[in-house]
$ cat upload36.txt   # compact mmCIF, C-alpha atoms
# COMPACT_ATOMS: atom_id res chain seq x y z
CA MET A 1 -57.91 68.62 37.47
CA ALA A 2 -60.00 67.15 34.69
CA LYS A 3 -63.50 66.93 35.99
CA HIS A 4 -66.24 64.55 35.05
CA LEU A 5 -69.75 65.95 35.14
CA ILE A 6 -72.11 63.23 36.25
CA THR A 7 -75.86 63.02 36.67
CA ALA A 8 -77.03 60.18 38.88
CA THR A 9 -80.02 59.35 41.07
CA ILE A 10 -79.26 59.31 44.78
CA ASN A 11 -82.04 58.18 47.11
CA GLY A 12 -84.61 58.93 44.42
CA ASP A 13 -83.39 62.45 43.64
CA GLU A 14 -81.51 63.43 40.51
CA VAL A 15 -78.12 64.76 41.59
CA ASP A 16 -75.43 66.46 39.51
CA PHE A 17 -71.88 66.31 40.70
CA SER A 18 -68.41 66.81 39.32
CA CYS A 19 -65.50 64.62 40.28
CA ALA A 20 -61.92 63.88 39.37
CA ALA A 21 -61.18 60.61 37.60
CA ASP A 22 -59.52 59.11 40.65
CA GLN A 23 -62.31 59.90 43.11
CA THR A 24 -64.26 56.97 44.45
CA LEU A 25 -67.99 56.97 45.04
CA LEU A 26 -67.18 57.04 48.75
CA GLU A 27 -65.13 60.23 48.32
CA VAL A 28 -67.80 61.77 46.08
CA LEU A 29 -70.52 61.09 48.65
CA ARG A 30 -68.58 62.31 51.66
CA GLU A 31 -66.42 65.12 50.27
CA ASN A 32 -68.22 66.45 47.19
CA LEU A 33 -71.82 65.93 48.29
CA HIS A 34 -71.26 66.13 52.08
CA MET A 35 -73.34 62.99 52.59
CA THR A 36 -71.31 61.64 55.50
CA GLY A 37 -73.67 58.82 56.46
CA THR A 38 -71.59 56.48 54.31
CA LYS A 39 -68.52 55.63 56.39
CA ASN A 40 -64.90 55.16 55.42
CA GLY A 41 -63.42 52.16 57.18
CA CYS A 42 -60.61 50.45 55.31
CA GLY A 43 -60.87 51.97 51.83
CA SER A 44 -59.96 48.63 50.29
CA GLY A 45 -63.20 46.64 50.17
CA ASP A 46 -62.51 44.57 53.28
CA CYS A 47 -64.73 46.08 55.97
CA GLY A 48 -68.01 46.94 54.26
CA ALA A 49 -68.52 50.21 56.23
CA CYS A 50 -69.06 52.09 52.96
CA THR A 51 -71.65 49.65 51.58
CA VAL A 52 -74.27 51.39 49.46
CA ILE A 53 -76.71 50.02 46.90
CA LEU A 54 -75.71 50.73 43.29
CA ASN A 55 -78.23 49.79 40.58
CA GLY A 56 -79.87 47.36 42.97
CA ARG A 57 -76.70 45.65 44.20
CA ALA A 58 -74.85 46.21 47.47
CA ILE A 59 -71.28 47.26 46.72
CA ASN A 60 -68.34 48.88 48.48
CA ALA A 61 -68.43 52.60 47.60
CA CYS A 62 -64.64 52.72 48.06
CA LEU A 63 -64.24 50.38 45.07
CA VAL A 64 -66.35 52.35 42.58
CA LEU A 65 -65.24 55.46 40.72
CA GLY A 66 -67.47 58.52 40.59
CA ALA A 67 -66.65 58.93 36.90
CA GLU A 68 -68.41 55.69 35.98
CA LEU A 69 -71.75 56.66 37.55
CA GLU A 70 -73.52 58.57 34.76
CA GLY A 71 -77.17 57.50 34.96
CA ALA A 72 -76.58 55.26 37.99
CA ASP A 73 -79.09 54.68 40.76
CA ILE A 74 -77.54 54.91 44.23
CA GLU A 75 -79.16 54.26 47.60
CA THR A 76 -77.37 55.43 50.74
CA ILE A 77 -78.21 55.34 54.43
CA GLU A 78 -79.58 58.91 54.16
CA GLY A 79 -82.48 57.54 52.11
CA MET A 80 -83.32 54.55 54.25
CA SER A 81 -85.85 56.01 56.67
CA ASN A 82 -89.11 57.53 55.48
CA GLY A 83 -88.70 60.95 57.08
CA ASN A 84 -88.79 60.33 60.82
CA GLU A 85 -90.17 56.83 60.34
CA LEU A 86 -87.30 54.39 60.62
CA HIS A 87 -86.90 51.47 58.24
CA PRO A 88 -87.74 48.19 60.07
CA LEU A 89 -84.04 47.26 59.94
CA GLN A 90 -83.07 50.54 61.61
CA GLN A 91 -85.73 50.08 64.31
CA LYS A 92 -84.64 46.48 64.99
CA PHE A 93 -80.99 47.53 65.26
CA LEU A 94 -82.08 49.90 68.03
CA ASP A 95 -84.37 47.34 69.69
CA HIS A 96 -81.64 44.68 69.75
CA ALA A 97 -78.81 47.09 70.68
CA ALA A 98 -77.08 45.96 67.50
CA LEU A 99 -74.71 48.91 67.48
CA GLN A 100 -72.27 50.59 69.77
CA CYS A 101 -69.91 53.04 68.07
CA GLY A 102 -72.04 52.98 64.92
CA ILE A 103 -69.35 53.28 62.27
CA CYS A 104 -70.21 49.93 60.71
CA THR A 105 -73.98 50.40 61.05
CA PRO A 106 -74.86 52.19 57.78
CA GLY A 107 -72.96 49.54 55.86
CA PHE A 108 -74.63 46.69 57.74
CA LEU A 109 -78.05 48.24 57.20
CA ASN A 110 -77.56 48.65 53.45
CA MET A 111 -76.15 45.14 53.09
CA ALA A 112 -79.01 43.69 55.12
CA LYS A 113 -81.54 45.65 53.06
CA ALA A 114 -80.10 44.30 49.80
CA LEU A 115 -79.98 40.80 51.29
CA LEU A 116 -83.64 40.87 52.35
CA GLU A 117 -84.76 42.22 48.99
CA LYS A 118 -83.19 39.18 47.35
CA ASN A 119 -84.13 36.72 50.09
CA PRO A 120 -86.99 37.89 52.35
CA ASP A 121 -86.90 34.72 54.47
CA PRO A 122 -83.23 33.92 55.11
CA THR A 123 -81.90 31.37 57.56
CA GLU A 124 -79.52 32.57 60.24
CA THR A 125 -76.67 30.97 58.28
CA GLU A 126 -77.68 32.85 55.14
CA VAL A 127 -77.72 36.12 57.10
CA ARG A 128 -74.26 35.40 58.54
CA PHE A 129 -72.83 34.57 55.12
CA GLY A 130 -74.62 37.54 53.55
CA LEU A 131 -73.12 39.92 56.11
CA ALA A 132 -69.64 38.38 55.96
CA GLY A 133 -68.35 41.38 54.03
CA ASN A 134 -69.20 43.73 56.90
CA LEU A 135 -66.95 43.98 59.93
CA CYS A 136 -68.01 45.13 63.39
CA ARG A 137 -65.32 45.56 66.03
CA CYS A 138 -67.45 46.34 69.08
CA THR A 139 -70.95 44.84 69.22
CA GLY A 140 -70.06 41.46 67.88
CA TYR A 141 -72.32 39.90 65.33
CA ASP A 142 -75.02 38.08 67.30
CA LYS A 143 -77.14 41.13 68.01
CA ILE A 144 -76.82 42.30 64.43
CA VAL A 145 -77.90 38.90 63.12
CA ARG A 146 -80.83 38.80 65.54
CA ALA A 147 -81.89 42.30 64.50
CA VAL A 148 -81.81 41.33 60.81
CA MET A 149 -83.76 38.11 61.43
CA ASP A 150 -86.36 40.01 63.47
CA ALA A 151 -86.65 42.77 60.85
CA ALA A 152 -87.04 40.14 58.13
CA ALA A 153 -89.91 38.51 60.06
CA GLU A 154 -91.60 41.86 60.60
CA MET A 155 -91.17 42.86 56.96
CA ARG A 156 -92.65 39.54 55.80
CA ALA A 157 -95.63 40.00 58.13
CA GLY A 158 -96.07 43.55 56.86
CA ASN A 159 -96.07 42.41 53.25
CA SER A 160 -98.48 39.52 53.64
CA MET B 1 -48.11 63.12 40.32
CA ILE B 2 -49.78 62.03 37.11
CA GLU B 3 -53.28 63.33 36.61
CA LEU B 4 -55.51 60.34 35.99
CA ARG B 5 -57.94 60.30 33.09
CA TYR B 6 -60.93 58.02 32.67
CA GLU B 7 -62.53 56.86 29.41
CA SER B 8 -65.44 54.49 28.83
CA PRO B 9 -65.47 53.48 25.16
CA GLU B 10 -68.45 51.63 23.74
CA THR B 11 -66.62 49.50 21.19
CA ILE B 12 -63.67 47.13 21.29
CA GLU B 13 -62.03 49.14 18.49
CA SER B 14 -62.12 52.40 20.42
CA ALA B 15 -60.83 50.67 23.57
CA VAL B 16 -57.92 49.25 21.56
CA ALA B 17 -57.21 52.70 20.08
CA LEU B 18 -57.25 54.37 23.52
CA LEU B 19 -54.94 51.75 24.99
CA ALA B 20 -52.56 51.98 22.02
CA ALA B 21 -52.44 55.79 22.11
CA GLU B 22 -51.63 55.89 25.82
CA GLY B 23 -49.11 53.06 25.93
CA PRO B 24 -47.87 51.62 29.23
CA GLY B 25 -49.65 54.27 31.33
CA ALA B 26 -53.05 52.85 30.41
CA LYS B 27 -54.88 50.30 32.52
CA VAL B 28 -57.97 48.30 31.64
CA PHE B 29 -60.70 48.92 34.22
CA ALA B 30 -63.69 46.68 34.84
CA GLY B 31 -64.86 45.79 38.39
CA GLY B 32 -62.10 47.83 40.00
CA THR B 33 -61.92 45.63 43.10
CA ASP B 34 -58.21 45.01 42.58
CA LEU B 35 -57.28 48.04 40.48
CA ILE B 36 -58.69 50.76 42.76
CA VAL B 37 -56.99 49.18 45.78
CA GLN B 38 -53.66 49.06 43.91
CA MET B 39 -54.09 52.73 42.90
CA LYS B 40 -54.98 53.86 46.43
CA GLU B 41 -52.01 51.98 47.84
CA GLU B 42 -49.83 53.61 45.17
CA MET B 43 -48.65 50.26 43.87
CA ILE B 44 -49.56 51.55 40.40
CA GLU B 45 -50.00 55.06 39.07
CA PRO B 46 -51.83 54.82 35.75
CA ALA B 47 -52.37 57.87 33.54
CA LEU B 48 -55.50 56.49 31.90
CA LEU B 49 -58.22 54.05 32.91
CA VAL B 50 -60.09 52.46 30.03
CA ASP B 51 -63.40 51.22 31.45
CA ILE B 52 -64.53 48.29 29.29
CA LYS B 53 -67.96 47.86 30.93
CA LYS B 54 -69.80 49.90 28.30
CA ILE B 55 -68.64 47.48 25.56
CA HIS B 56 -71.58 45.10 25.30
CA GLU B 57 -69.45 42.09 24.25
CA THR B 58 -67.70 42.22 27.63
CA ARG B 59 -70.97 42.26 29.57
CA GLU B 60 -72.90 39.38 27.99
CA VAL B 61 -73.13 35.63 28.46
CA THR B 62 -74.23 34.11 25.15
CA PHE B 63 -74.93 30.46 24.32
CA HIS B 64 -74.01 29.00 20.93
CA SER B 65 -74.31 25.51 19.42
CA ASP B 66 -71.03 24.17 20.80
CA HIS B 67 -69.75 26.87 23.13
CA VAL B 68 -70.72 29.49 25.65
CA ARG B 69 -69.14 32.92 25.55
CA ILE B 70 -68.71 34.73 28.88
CA GLY B 71 -67.93 38.44 28.67
CA ALA B 72 -64.80 39.38 30.62
CA ALA B 73 -66.60 42.14 32.54
CA VAL B 74 -69.50 39.97 33.76
CA THR B 75 -69.57 40.06 37.57
CA GLY B 76 -69.57 37.14 39.97
CA ALA B 77 -73.09 38.04 41.14
CA GLU B 78 -74.36 38.03 37.55
CA LEU B 79 -72.76 34.66 36.79
CA GLY B 80 -74.33 33.25 39.95
CA GLU B 81 -77.77 34.35 38.77
CA ASN B 82 -77.32 32.73 35.34
CA ALA B 83 -79.11 29.39 35.79
CA GLN B 84 -78.25 28.12 32.31
CA LEU B 85 -74.53 28.70 32.78
CA LYS B 86 -74.65 27.27 36.30
CA ALA B 87 -76.21 24.07 34.98
CA MET B 88 -73.56 23.80 32.26
CA TRP B 89 -70.37 24.84 34.13
CA PRO B 90 -71.26 24.76 37.86
CA GLY B 91 -67.61 24.56 38.92
CA VAL B 92 -66.62 27.70 37.02
CA VAL B 93 -69.55 29.64 38.49
CA GLU B 94 -68.85 28.35 42.01
CA ALA B 95 -65.19 29.30 41.71
CA VAL B 96 -66.02 32.86 40.65
CA GLN B 97 -68.59 33.13 43.43
CA LEU B 98 -65.96 32.32 46.06
CA ILE B 99 -64.20 35.61 45.35
CA GLY B 100 -64.75 38.10 48.17
CA SER B 101 -67.90 39.29 49.89
CA ASP B 102 -71.34 39.84 48.36
CA GLN B 103 -70.33 43.48 47.90
CA VAL B 104 -67.22 42.44 45.98
CA GLN B 105 -69.29 39.93 43.97
CA GLY B 106 -71.46 42.81 42.79
CA ARG B 107 -68.45 44.36 41.08
CA ALA B 108 -65.60 41.86 40.63
CA THR B 109 -65.41 40.37 37.15
CA ILE B 110 -64.25 37.01 35.83
CA GLY B 111 -61.82 38.72 33.46
CA GLY B 112 -60.38 40.84 36.24
CA ASN B 113 -59.80 37.85 38.48
CA PHE B 114 -57.97 36.16 35.62
CA CYS B 115 -55.89 39.18 34.54
CA ASN B 116 -54.91 40.08 38.12
CA ALA B 117 -53.12 36.72 37.81
CA SER B 118 -52.88 35.82 41.47
CA PRO B 119 -51.51 32.27 41.79
CA ALA B 120 -54.39 31.72 44.25
CA ALA B 121 -57.17 33.24 42.08
CA ASP B 122 -60.20 30.98 42.43
CA SER B 123 -61.58 31.35 38.93
CA VAL B 124 -58.34 30.37 37.20
CA PRO B 125 -58.03 26.62 37.95
CA ALA B 126 -61.73 26.26 37.12
CA LEU B 127 -61.26 28.05 33.77
CA ILE B 128 -58.19 25.94 32.95
CA ALA B 129 -60.07 22.75 33.82
CA ALA B 130 -62.91 23.91 31.59
CA ALA B 131 -60.47 24.28 28.66
CA ALA B 132 -61.46 27.92 28.38
CA GLN B 133 -60.09 30.01 25.55
CA ALA B 134 -59.57 33.72 26.12
CA VAL B 135 -60.66 36.08 23.36
CA ILE B 136 -58.06 38.83 23.21
CA ALA B 137 -58.43 42.15 21.41
CA GLY B 138 -55.39 44.27 20.65
CA PRO B 139 -53.59 46.39 18.11
CA GLY B 140 -52.99 43.29 15.96
CA GLY B 141 -56.67 42.35 15.87
CA VAL B 142 -58.47 39.59 17.74
CA ARG B 143 -56.82 36.33 18.78
CA GLU B 144 -57.71 33.40 20.98
CA ALA B 145 -55.46 31.58 23.43
CA ALA B 146 -55.83 28.76 25.96
CA VAL B 147 -56.07 30.42 29.35
CA GLU B 148 -53.24 28.39 30.89
CA ASP B 149 -50.86 29.67 28.19
CA LEU B 150 -51.44 33.30 29.23
CA LEU B 151 -50.22 33.00 32.82
CA THR B 152 -46.51 33.72 33.28
CA GLY B 153 -46.05 34.44 37.00
CA PRO B 154 -47.61 36.02 40.08
CA GLY B 155 -49.49 39.08 38.81
CA LYS B 156 -48.17 38.55 35.29
CA THR B 157 -49.74 37.46 32.00
CA SER B 158 -48.36 37.28 28.49
CA LEU B 159 -50.94 39.77 27.21
CA ALA B 160 -49.04 42.27 25.06
CA GLN B 161 -49.13 46.03 25.47
CA GLY B 162 -52.57 47.27 24.49
CA GLU B 163 -54.22 43.85 24.54
CA PHE B 164 -57.18 42.98 26.73
CA ILE B 165 -59.47 40.00 27.22
CA THR B 166 -62.99 40.60 25.93
CA ALA B 167 -64.48 37.18 26.70
CA PHE B 168 -63.88 33.54 27.59
CA ILE B 169 -65.12 30.72 25.40
CA LEU B 170 -66.04 27.47 27.13
CA PRO B 171 -67.06 24.34 25.22
CA ILE B 172 -70.55 22.90 25.56
CA HIS B 173 -70.34 19.11 25.85
CA ALA B 174 -73.14 17.08 24.30
CA GLU B 175 -72.13 14.03 26.37
CA LYS B 176 -72.23 13.43 30.09
CA ALA B 177 -69.94 16.12 31.42
CA GLY B 178 -69.35 17.86 34.73
CA ASP B 179 -66.95 20.21 36.47
CA ALA B 180 -66.15 21.34 40.00
CA TYR B 181 -63.87 23.63 41.97
CA LEU B 182 -62.79 23.28 45.59
CA ARG B 183 -60.33 25.24 47.66
CA PHE B 184 -58.81 24.82 51.08
CA ILE B 185 -59.04 27.80 53.42
CA PRO B 186 -58.74 27.81 57.21
CA ARG B 187 -61.93 29.88 57.53
CA THR B 188 -65.41 29.13 56.22
CA GLU B 189 -65.31 31.89 53.58
CA MET B 190 -63.83 35.29 52.65
CA ASP B 191 -60.30 33.98 52.40
CA ILE B 192 -57.53 33.33 49.92
CA ALA B 193 -57.01 29.78 48.70
CA VAL B 194 -54.18 27.82 50.34
CA VAL B 195 -54.76 25.32 47.54
CA GLY B 196 -57.43 25.40 44.84
CA ALA B 197 -58.39 22.58 42.48
CA GLY B 198 -60.60 22.62 39.40
CA ALA B 199 -61.67 19.48 37.55
CA SER B 200 -63.71 18.76 34.47
CA VAL B 201 -64.63 15.32 33.11
CA VAL B 202 -66.56 13.91 30.16
CA LEU B 203 -67.85 10.33 30.53
CA ASN B 204 -68.55 7.61 27.96
CA ALA B 205 -71.87 5.76 27.87
CA ASP B 206 -70.24 2.83 29.74
CA GLY B 207 -69.27 5.13 32.63
CA THR B 208 -65.58 5.32 31.80
CA CYS B 209 -63.83 8.62 31.35
CA ALA B 210 -63.67 10.05 27.83
CA ALA B 211 -61.82 13.27 28.61
CA ALA B 212 -60.60 15.04 31.74
CA ARG B 213 -58.73 18.14 32.83
CA LEU B 214 -57.44 18.96 36.29
CA ALA B 215 -55.85 22.25 37.35
CA LEU B 216 -54.35 23.47 40.61
CA GLY B 217 -54.06 26.95 42.11
CA ALA B 218 -51.79 28.40 44.83
CA VAL B 219 -49.22 25.62 44.51
CA ALA B 220 -46.92 27.26 41.94
CA PRO B 221 -46.18 30.76 40.54
CA THR B 222 -49.21 30.33 38.29
CA ALA B 223 -52.25 28.07 38.31
CA ARG B 224 -51.19 24.84 36.59
CA LEU B 225 -52.76 22.16 34.47
CA VAL B 226 -51.98 18.70 35.85
CA LYS B 227 -50.94 17.21 32.55
CA ASP B 228 -50.87 13.57 33.70
CA ALA B 229 -54.45 13.71 34.97
CA ALA B 230 -56.02 13.01 31.58
CA ASP B 231 -53.75 9.96 31.05
CA ILE B 232 -54.68 8.61 34.48
CA LEU B 233 -58.44 9.12 34.09
CA VAL B 234 -59.26 8.52 30.42
CA GLY B 235 -60.58 5.02 29.75
CA ASN B 236 -60.99 4.29 33.44
CA LYS B 237 -63.61 4.41 36.14
CA LEU B 238 -62.94 6.36 39.31
CA ASP B 239 -61.68 3.55 41.56
CA ASP B 240 -59.22 3.73 44.46
CA ALA B 241 -56.17 2.94 42.35
CA VAL B 242 -57.03 5.69 39.88
CA LEU B 243 -57.61 8.17 42.70
CA THR B 244 -54.25 7.29 44.28
CA SER B 245 -52.47 7.91 40.98
CA LEU B 246 -54.39 11.15 40.55
CA ALA B 247 -53.38 12.40 44.00
CA GLU B 248 -49.73 11.53 43.27
CA ALA B 249 -49.81 13.34 39.90
CA ALA B 250 -51.40 16.41 41.52
CA SER B 251 -48.81 16.54 44.30
CA LYS B 252 -46.02 16.08 41.77
CA THR B 253 -47.23 19.14 39.85
CA CYS B 254 -46.80 21.35 42.92
CA ALA B 255 -43.95 23.82 43.35
CA PRO B 256 -45.41 25.90 46.16
CA ILE B 257 -43.99 28.44 48.57
CA ASP B 258 -43.96 28.40 52.36
CA ASP B 259 -45.97 31.32 53.67
CA LYS B 260 -48.35 32.26 56.45
CA ARG B 261 -51.19 30.46 54.68
CA GLY B 262 -49.49 27.09 54.33
CA THR B 263 -46.23 25.23 54.15
CA ILE B 264 -44.78 23.52 51.08
CA LYS B 265 -45.45 20.12 52.65
CA PHE B 266 -49.05 20.97 53.55
CA ARG B 267 -49.88 22.48 50.17
CA THR B 268 -48.37 19.52 48.31
CA LYS B 269 -50.38 17.04 50.37
CA VAL B 270 -53.63 19.02 50.20
CA ALA B 271 -53.29 19.38 46.42
CA GLY B 272 -53.59 15.60 46.12
CA VAL B 273 -56.55 15.44 48.47
CA LEU B 274 -58.42 18.27 46.73
CA ALA B 275 -57.63 16.86 43.28
CA CYS B 276 -59.47 13.66 44.23
CA ARG B 277 -62.40 15.37 45.95
CA THR B 278 -62.89 17.82 43.10
CA THR B 279 -62.68 15.12 40.45
CA LYS B 280 -65.25 13.04 42.36
CA ILE B 281 -67.72 15.92 42.37
CA ALA B 282 -67.15 16.63 38.68
CA TRP B 283 -67.62 12.90 37.99
CA GLN B 284 -70.89 12.72 39.97
CA ARG B 285 -72.19 15.76 38.12
CA ALA B 286 -71.33 14.13 34.79
CA GLU B 287 -73.05 10.88 35.82
CA SER B 288 -76.20 12.72 36.84
CA LYS B 289 -76.62 14.27 33.39
$ encode --input "upload36.txt" --output "structure tokens"
Amino acid sequence: MAKHLITATINGDEVDFSCAADQTLLEVLRENLHMTGTKNGCGSGDCGACTVILNGRAINACLVLGAELEGADIETIEGMSNGNELHPLQQKFLDHAALQCGICTPGFLNMAKALLEKNPDPTETEVRFGLAGNLCRCTGYDKIVRAVMDAAAEMRAGNS
Amino acid sequence: MIELRYESPETIESAVALLAAEGPGAKVFAGGTDLIVQMKEEMIEPALLVDIKKIHETREVTFHSDHVRIGAAVTGAELGENAQLKAMWPGVVEAVQLIGSDQVQGRATIGGNFCNASPAADSVPALIAAAAQAVIAGPGGVREAAVEDLLTGPGKTSLAQGEFITAFILPIHAEKAGDAYLRFIPRTEMDIAVVGAGASVVLNADGTCAAARLALGAVAPTARLVKDAADILVGNKLDDAVLTSLAEAASKTCAPIDDKRGTIKFRTKVAGVLACRTTKIAWQRAESK
């Protein structure tokens, strides 16, 4: 197989990887780099489980090719906490019991993080629309929305 | 199984050369939100992907004296953040922003939505209403074509082998002008249009219509220009009689299918309703300028 040799930044670290032309970022993360925090749900951009942040924007990793990532900046769930110190969103998901099976959680957390970076003080409606590309089939969405709203409030207080 | 190759040329000329050398096995790649899904589902098996995102002409929005040029590989999220474009062509930007989730918006491009040629594609009626011209690069050089003339059927365009759209050119109106796009979906978002309607109007100083274009999506094999709309609107104000004629002309343009999203009867009726609502919004936007 023709391989592409790519250098990208993942969670602040420079990472070299090789991939075939038809491998998605999701496959590169999980299979080539063994970073399995990013989940594979539908593989067609519908469920948002594989949401990561690429060059500052939340995207579906299943709809990006590894070969196009030379010089890219990628943030995954593995880089969200600061060591053992959870990101406020992660802590609030625990506090509000906003997860059950957890498959959708890394995607929700990355989407919520990108959303709050753009809009630190969202309304509940804005959070619901912002998270519309992420599906959860067990918790339901209310706890997730409450967790994001609570994390947003805490992050605003922390920044002021 | 064909072994896929990937190239990311930095100029239009090298993209054209790559596409020409490969022939029918080559696919133009931009946002990938349709193409990667089609590849994974084995609907297509390309031998070569030509990524056009490194070609700067495809990634820019530039403003000129009488037109704005929107690169084909500009994403929905980027268009939504472009305040100048949003002020000028709010309907086009709103239509593109209706495509998919925020994650999809971060990748999906205006050119990709057009070239995927879904009859229900949200950006297409808005681009037709805006009288957009597509800038097409290919083995024969560069040509321009009205967007509505490029659509030939569901998933099909008249782009020739090796041709690709580099940008869309939209006019900048000096007068009072406005546009809008609305779609009917049974949900609040993240859905495919049952009917879509794009409208664009230019008003005279006395408040009558100087020029108008109306286009419908998801009511025929391709998005369609409602040709009678200009005749009905030009020279008039937007009163009830005009709106009734407009709704009739819109419904008459429809040749929809019955499917799980809507029946022929429903789509035909809703096309008339949306034509009026969309035109009203475009009109109000023109008046407020």
$ closest_residue --input "upload36.txt" --among "A:Pro120, A:Gly45, A:Gly66, A:Gly130" --to "Met155 (chain A)" --atoms "only C-alpha atoms"
A:Pro120
$ interface_residues --input "upload36.txt" --of "chain A" --to "chain B" --cutoff "8 Å" --atoms "only C-alpha atoms" --output "list of chain:residue names"
A:Met1, A:Ala2, A:Ala21, A:Asp22, A:Gly43, A:Ser44, A:Gly45, A:Gly48, A:Thr51, A:Arg57, A:Ala58, A:Ile59, A:Asn60, A:Leu63, A:Val64, A:Ala67, A:Glu68, A:Met111, A:Gly130, A:Leu131, A:Ala132, A:Gly133
$ residues_around --input "upload36.txt" --residues "region 227-238 of chain B" --least-positions-apart "2" --cutoff "8 Å" --atoms "all atoms listed in the file" --output "list of chain:residue names"
B:Gly207, B:Thr208, B:Cys209, B:Ala210, B:Ala211, B:Ala212, B:Arg213, B:Leu214, B:Leu225, B:Asp240, B:Val242, B:Leu243, B:Ser245, B:Leu246, B:Ala249, B:Ala250, B:Lys280
$ write_last_selection --input "upload36.txt" --atoms "C-alpha atoms" --output "tab-separated table (two decimals), in the frame of the given file"
chain	number	residue	atom	x	y	z
B	207	GLY	CA	-69.27	5.13	32.63
B	208	THR	CA	-65.58	5.32	31.80
B	209	CYS	CA	-63.83	8.62	31.35
B	210	ALA	CA	-63.67	10.05	27.83
B	211	ALA	CA	-61.82	13.27	28.61
B	212	ALA	CA	-60.60	15.04	31.74
B	213	ARG	CA	-58.73	18.14	32.83
B	214	LEU	CA	-57.44	18.96	36.29
B	225	LEU	CA	-52.76	22.16	34.47
B	240	ASP	CA	-59.22	3.73	44.46
B	242	VAL	CA	-57.03	5.69	39.88
B	243	LEU	CA	-57.61	8.17	42.70
B	245	SER	CA	-52.47	7.91	40.98
B	246	LEU	CA	-54.39	11.15	40.55
B	249	ALA	CA	-49.81	13.34	39.90
B	250	ALA	CA	-51.40	16.41	41.52
B	280	LYS	CA	-65.25	13.04	42.36
$ atom_distance --input "upload36.txt" --atom1 "CA of Glu144 (chain B)" --atom2 "CA of Val124 (chain B)"
16.5 Å
$ residues_around --input "upload36.txt" --residues "Leu159 (chain B)" --least-positions-apart "5" --cutoff "12 Å" --atoms "all atoms listed in the file" --output "CSV table (one decimal) with C-alpha atoms, in the coordinates of the input"
chain,number,residue,atom,x,y,z
B,28,VAL,CA,-58.0,48.3,31.6
B,114,PHE,CA,-58.0,36.2,35.6
B,115,CYS,CA,-55.9,39.2,34.5
B,116,ASN,CA,-54.9,40.1,38.1
B,117,ALA,CA,-53.1,36.7,37.8
B,134,ALA,CA,-59.6,33.7,26.1
B,135,VAL,CA,-60.7,36.1,23.4
B,136,ILE,CA,-58.1,38.8,23.2
B,137,ALA,CA,-58.4,42.2,21.4
B,138,GLY,CA,-55.4,44.3,20.6
B,139,PRO,CA,-53.6,46.4,18.1
B,140,GLY,CA,-53.0,43.3,16.0
B,143,ARG,CA,-56.8,36.3,18.8
B,144,GLU,CA,-57.7,33.4,21.0
B,145,ALA,CA,-55.5,31.6,23.4
B,147,VAL,CA,-56.1,30.4,29.4
B,149,ASP,CA,-50.9,29.7,28.2
B,150,LEU,CA,-51.4,33.3,29.2
B,151,LEU,CA,-50.2,33.0,32.8
B,152,THR,CA,-46.5,33.7,33.3
B,164,PHE,CA,-57.2,43.0,26.7
B,165,ILE,CA,-59.5,40.0,27.2
$ closest_residue --input "upload36.txt" --among "B:Ala271, B:Ala130, B:Ile257, B:Leu170" --to "Leu216 (chain B)" --atoms "all atoms listed in the file"
B:Ala271
$ closest_residue --input "upload36.txt" --among "B:Ile110, B:Ala120, B:Tyr181, B:Thr166" --to "Pro256 (chain B)" --atoms "only C-alpha atoms"
B:Ala120
$ residues_around --input "upload36.txt" --residues "Pro122 (chain A)" --least-positions-apart "5" --cutoff "10 Å" --atoms "all atoms listed in the file" --output "PyMOL selection string"
chain A and resi 115-116+127-128+130+148-149+152-153
$ atom_distance --input "upload36.txt" --atom1 "CA of Pro119 (chain B)" --atom2 "CA of Arg261 (chain B)"
13.0 Å
$ atom_distance --input "upload36.txt" --atom1 "CA of Cys42 (chain A)" --atom2 "CA of Gly111 (chain B)"
24.8 Å
$ closest_residue --input "upload36.txt" --among "B:Val201, B:Val226, B:Val194, B:Ala95" --to "Thr263 (chain B)" --atoms "all atoms listed in the file"
B:Val194
$ closest_residue --input "upload36.txt" --among "B:Gln97, B:Thr244, B:Thr11, B:Ser288" --to "Lys176 (chain B)" --atoms "only C-alpha atoms"
B:Ser288
$ residues_around --input "upload36.txt" --residues "region 13-16 of chain A" --least-positions-apart "6" --cutoff "12 Å" --atoms "all atoms listed in the file" --output "JSON, numbers by chain"
{"A": [4, 5, 6, 7, 28, 29, 32, 33, 66, 67, 69, 70, 71, 72, 73, 74, 75, 76, 78, 79]}
